[in-house]
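Asker: Compact mmCIF, C-alpha atoms and all ligand atoms, file data37.txt:
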```
# COMPACT_ATOMS: atom_id res chain seq x y z
CA MET A 7 203.49 -108.03 40.72
CA CYS A 8 203.65 -106.50 37.21
CA LEU A 9 202.20 -103.02 36.66
CA GLU A 10 199.41 -104.35 34.44
CA GLY A 11 198.36 -106.71 37.24
CA ILE A 12 198.31 -103.86 39.75
CA ALA A 13 196.27 -101.70 37.34
CA GLU A 14 193.76 -104.51 36.85
CA GLU A 15 193.50 -104.96 40.61
CA ALA A 16 192.86 -101.21 40.99
CA LYS A 17 190.21 -101.21 38.24
CA ALA A 18 188.28 -103.99 39.99
CA CYS A 19 188.84 -102.63 43.52
CA MET A 20 185.87 -101.77 45.73
CA LYS A 21 187.74 -101.66 49.03
CA CYS A 22 186.47 -98.20 49.89
CA ASP A 23 183.38 -96.12 49.06
CA LEU A 24 185.21 -94.19 46.33
CA GLY A 25 184.97 -97.24 44.08
CA ALA A 26 181.20 -96.88 43.80
CA GLY A 27 181.38 -93.25 42.64
CA ARG A 28 184.10 -93.45 40.02
CA HIS A 29 183.77 -93.41 36.25
CA LYS A 30 187.25 -94.85 35.85
CA THR A 31 189.98 -95.88 38.24
CA VAL A 32 193.23 -94.00 37.67
CA PRO A 33 196.02 -96.46 38.51
CA GLY A 34 198.77 -94.32 36.98
CA GLU A 35 200.85 -94.47 33.84
CA GLY A 36 204.44 -94.68 32.76
CA PRO A 37 207.13 -97.24 32.03
CA CYS A 38 207.83 -100.11 34.43
CA ASP A 39 211.54 -99.24 34.42
CA ALA A 40 210.96 -95.57 35.28
CA GLU A 41 213.78 -94.01 37.28
CA ILE A 42 211.44 -91.38 38.73
CA LEU A 43 208.02 -91.93 40.30
CA LEU A 44 205.73 -88.96 40.94
CA VAL A 45 202.91 -89.30 43.44
CA GLY A 46 199.99 -86.86 43.68
CA GLU A 47 196.89 -86.87 45.86
CA ALA A 48 193.89 -88.27 43.96
CA PRO A 49 192.22 -88.08 40.53
CA GLY A 50 190.14 -85.03 39.65
CA ALA A 51 187.17 -84.79 37.28
CA GLU A 52 189.11 -85.11 34.01
CA GLU A 53 191.27 -87.92 35.32
CA ASP A 54 188.13 -89.75 36.52
CA LEU A 55 186.62 -89.53 33.03
CA SER A 56 189.78 -90.44 31.12
CA GLY A 57 191.36 -92.94 33.52
CA ARG A 58 194.69 -91.11 33.10
CA PRO A 59 196.66 -89.17 35.76
CA PHE A 60 197.26 -85.42 35.62
CA VAL A 61 195.42 -84.60 32.39
CA GLY A 62 193.41 -81.63 33.70
CA ARG A 63 194.49 -78.10 34.63
CA ALA A 64 196.91 -79.34 37.30
CA GLY A 65 198.31 -81.73 34.71
CA LYS A 66 199.11 -78.80 32.43
CA VAL A 67 200.99 -77.15 35.30
CA LEU A 68 202.91 -80.37 35.86
CA ASP A 69 203.69 -80.71 32.14
CA ARG A 70 205.08 -77.18 32.04
CA ALA A 71 207.17 -77.74 35.18
CA LEU A 72 208.54 -81.04 33.80
CA ALA A 73 209.52 -79.30 30.56
CA GLN A 74 211.23 -76.49 32.51
CA ALA A 75 213.14 -79.11 34.52
CA MET A 76 214.11 -80.86 31.26
CA LEU A 77 212.30 -84.04 32.27
CA ASP A 78 210.47 -86.27 29.80
CA ARG A 79 207.01 -87.17 31.12
CA SER A 80 206.92 -90.36 29.06
CA LYS A 81 209.88 -91.71 31.08
CA ILE A 82 208.30 -91.03 34.48
CA PHE A 83 205.68 -93.12 36.23
CA ILE A 84 202.92 -90.81 37.50
CA THR A 85 200.28 -91.88 39.98
CA SER A 86 198.46 -90.79 43.14
CA ILE A 87 197.98 -91.96 46.71
CA ILE A 88 194.28 -92.59 45.93
CA LYS A 89 193.24 -94.20 42.65
CA CYS A 90 189.54 -93.17 42.51
CA ARG A 91 188.16 -89.63 42.56
CA PRO A 92 186.85 -88.36 45.91
CA PRO A 93 183.47 -86.62 45.39
CA GLY A 94 183.83 -82.89 44.73
CA ASN A 95 187.61 -83.30 44.91
CA ARG A 96 187.49 -83.42 48.71
CA LYS A 97 190.56 -84.58 50.62
CA PRO A 98 190.84 -88.36 50.89
CA LYS A 99 189.89 -89.78 54.31
CA VAL A 100 192.46 -91.60 56.43
CA TRP A 101 190.71 -94.96 55.98
CA GLU A 102 190.52 -94.49 52.21
CA ILE A 103 194.27 -93.91 52.15
CA GLU A 104 194.82 -97.00 54.30
CA GLU A 105 192.78 -99.11 51.88
CA CYS A 106 194.40 -97.71 48.76
CA ILE A 107 198.06 -97.32 49.66
CA PRO A 108 198.94 -101.01 49.20
CA LEU A 109 198.47 -100.40 45.44
CA LEU A 110 201.07 -97.61 45.52
CA GLN A 111 203.39 -99.77 47.60
CA ALA A 112 203.03 -102.55 45.01
CA GLN A 113 203.82 -100.05 42.23
CA MET A 114 206.92 -98.85 44.10
CA GLY A 115 208.02 -102.45 44.58
CA ALA A 116 207.54 -103.31 40.91
CA ILE A 117 209.17 -100.18 39.48
CA LYS A 118 211.92 -99.72 42.07
CA PRO A 119 212.44 -96.06 41.07
CA ARG A 120 215.66 -94.30 41.98
CA ALA A 121 213.82 -91.15 43.03
CA ILE A 122 210.27 -90.50 44.22
CA GLY A 123 208.55 -87.10 44.20
CA LEU A 124 205.75 -86.65 46.74
CA MET A 125 203.55 -83.83 45.49
CA GLY A 126 201.55 -82.14 48.22
CA ASN A 127 200.79 -82.73 51.89
CA VAL A 128 198.56 -85.76 51.39
CA ALA A 129 201.32 -87.67 49.57
CA ALA A 130 204.04 -86.56 52.02
CA LYS A 131 201.92 -87.56 55.02
CA ALA A 132 200.77 -90.88 53.58
CA VAL A 133 204.25 -92.06 52.54
CA LEU A 134 206.62 -90.43 55.02
CA GLY A 135 204.31 -89.27 57.81
CA LEU A 136 205.51 -85.69 57.24
CA GLU A 137 203.42 -82.54 56.89
CA GLY A 138 204.19 -78.98 55.84
CA VAL A 139 205.32 -78.85 52.22
CA ALA A 140 206.39 -75.21 52.52
CA GLY A 141 209.08 -76.13 55.04
CA LEU A 142 210.00 -79.53 53.63
CA HIS A 143 210.06 -79.13 49.86
CA GLY A 144 213.34 -79.61 48.05
CA GLN A 145 214.87 -81.74 50.81
CA VAL A 146 215.84 -85.37 50.25
CA PHE A 147 214.45 -87.96 52.65
CA GLN A 148 215.64 -91.55 53.03
CA ASP A 149 217.99 -91.05 50.07
CA ARG A 150 215.21 -91.14 47.49
CA TYR A 151 212.17 -89.02 48.37
CA VAL A 152 211.74 -85.34 47.51
CA ILE A 153 208.67 -83.50 48.76
CA THR A 154 207.24 -80.77 46.55
CA TYR A 155 204.08 -78.79 45.93
CA HIS A 156 201.05 -80.40 44.34
CA PRO A 157 200.59 -78.85 40.86
CA ALA A 158 197.02 -77.84 41.86
CA ALA A 159 198.56 -75.54 44.49
CA ILE A 160 200.32 -73.66 41.67
CA LEU A 161 196.92 -72.83 40.16
CA ARG A 162 196.16 -70.86 43.33
CA ARG A 163 199.69 -69.50 43.87
CA ARG A 164 201.56 -69.08 40.59
CA GLU A 165 204.71 -67.92 42.39
CA LEU A 166 205.24 -71.52 43.60
CA GLN A 167 205.93 -72.73 40.05
CA GLU A 168 209.64 -71.92 40.45
CA ASP A 169 209.83 -74.07 43.59
CA LEU A 170 208.09 -76.95 41.84
CA VAL A 171 210.56 -76.76 38.95
CA SER A 172 213.55 -76.58 41.28
CA ASP A 173 212.26 -79.59 43.28
CA LEU A 174 211.81 -81.57 40.05
CA LYS A 175 215.40 -80.72 39.11
CA LYS A 176 216.49 -82.05 42.52
CA LEU A 177 214.58 -85.25 41.79
CA LYS A 178 216.34 -85.54 38.45
CA GLU A 179 219.78 -85.06 40.07
CA LEU A 180 218.89 -87.69 42.66
CA SER A 181 217.85 -90.21 40.01
CA LEU A 182 221.12 -89.63 38.13
CA SER A 183 223.31 -89.77 41.25
CA ARG A 184 221.90 -93.18 42.17
CA LYS A 185 222.83 -94.79 38.84
S1 LIG A 201 190.21 -95.50 46.02
FE1 LIG A 201 191.67 -97.22 46.07
S2 LIG A 201 190.92 -98.55 47.74
FE2 LIG A 201 189.23 -97.17 47.18
S3 LIG A 201 188.07 -98.33 45.65
FE3 LIG A 201 189.52 -97.04 44.52
S4 LIG A 201 191.30 -98.36 44.16
FE4 LIG A 201 190.07 -99.31 45.80
```
Rewrite the structure of this file - the entire thing - as structure tokens.
Answerer:
Amino acid sequence: MCLEGIAEEAKACMKCDLGAGRHKTVPGEGPCDAEILLVGEAPGAEEDLSGRPFVGRAGKVLDRALAQAMLDRSKIFITSIIKCRPPGNRKPKVWEIEECIPLLQAQMGAIKPRAIGLMGNVAAKAVLGLEGVAGLHGQVFQDRYVITYHPAAILRRRELQEDLVSDLKKLKELSLSRK
């Protein structure tokens, strides 16, 4: 399925309760031939209003980390496990993830990225069934996944920025090594 088709499906989706509370669905953005895919948790308030991923405070952290890792955001596809904002930015429920993850799987299938960054515990658990970013970040799983911190975590613990940048560099190396 093409990315536009997946985005349209997400915009019309009412498979879980989050659909009723959203202003805009946030399917993700980036080129369909992206070599790197970044996956966060769920849209926040600014993403919900704009329909674009990582445009709020966490997005600024991500932008800075990408620049430090010499990565061009416009060449990366950025999305989340959940495409509609959970109320009050609560953690997504298991059943919401189960309903929403087929959209991410369709995006992965359409893009076929060389390297995938899972940002935060929710993304790592939903995609790989792994938990504990602190002990797992920076490692490569299944030849193409790198787990790292969610940029929102850096807002609470600035010292983690270095780890995020180093994990993004690992992702970049991985995408180049698989060419
Ligand atoms: S969060 Fe996902 S499954 Fe739930 S309504 Fe939005 S797009 Fe559909």
Asker: With distances taken over all atoms listed in the file, which of A:Thr85, A:Thr31, A:Gln111, A:Ser80 is nearest to ligand LIG 201 (chain A)?
Answerer: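 Of A:Thr85, A:Thr31, A:Gln111, A:Ser80, the one nearest ligand LIG 201 (chain A), counting all atoms listed in the file, is A:Thr31.
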Asker: Collect all residues with atoms no farther than 12 Å from ligand LIG 201 (chain A), counting all atoms listed in the file, and output them as a PyMOL selection string.
Answerer: chain A and resi 12-34+47-49+54+57+85-93+97-110
Asker: Hey, could you make a per-residue contact list for range 28-133 of chain A against range 163-171 of chain A with 8 Å as the cut-off, showing the nearest pair of atoms and its distance in Å to one decimal, counting only C-alpha atoms, sorted by chain and number, as JSON lines?
Answerer:
```
{"residue": "A:Ala71", "atom": "CA", "partner": "A:Val171", "partner_atom": "CA", "distance": 5.2}
{"residue": "A:Leu72", "atom": "CA", "partner": "A:Val171", "partner_atom": "CA", "distance": 7.0}
{"residue": "A:Gln74", "atom": "CA", "partner": "A:Val171", "partner_atom": "CA", "distance": 6.5}
{"residue": "A:Ala75", "atom": "CA", "partner": "A:Val171", "partner_atom": "CA", "distance": 5.6}
```
Asker: Draw an axis-aligned box over all listed atoms of range 23-37 of chain A, pad each side with 8 Å, and write its centre and edge lengths in Å, one decimal, as AutoDock Vina command-line options.
Answerer:
```
--center_x 194.2 --center_y -95.2 --center_z 40.5 --size_x 41.9 --size_y 20.0 --size_z 33.0
```
Asker: May I have the protein, DNA and RNA residues with any atom at most 9 Å from the point (209.0, -75.7, 51.6), counting only C-alpha atoms, written as a list in words?
Answerer: Gly138, Val139, Ala140, Gly141, Leu142, His143, Gly144, Gln145, Ile153, Thr154, Tyr155 and Asp169 of chain A
Asker: Keeping only C-alpha atoms, take the residues you just selected and write them out as a compact mmCIF listing (two decimals), in the coordinates of the input.
Answerer:
```
# COMPACT_ATOMS: atom_id res chain seq x y z
CA GLY A 138 204.19 -78.98 55.84
CA VAL A 139 205.32 -78.85 52.22
CA ALA A 140 206.39 -75.21 52.52
CA GLY A 141 209.08 -76.13 55.04
CA LEU A 142 210.00 -79.53 53.63
CA HIS A 143 210.06 -79.13 49.86
CA GLY A 144 213.34 -79.61 48.05
CA GLN A 145 214.87 -81.74 50.81
CA ILE A 153 208.67 -83.50 48.76
CA THR A 154 207.24 -80.77 46.55
CA TYR A 155 204.08 -78.79 45.93
CA ASP A 169 209.83 -74.07 43.59
```
Asker: Find, counting all atoms listed in the file, the residue in A:Gly50, A:Arg150, A:Ala159, A:Gly62 that gets nearest to Arg120 in chain A.
Answerer: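 That would be A:Arg150, the residue with the smallest distance to Arg120 in chain A.
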Asker: For the atom pair CA of Ala121 in chain A and CA of Leu161 in chain A, what is the interatomic distance in Å to one decimal place?
Answerer: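 Atom-to-atom, CA of Ala121 in chain A to CA of Leu161 in chain A, that is 25.1 Å.
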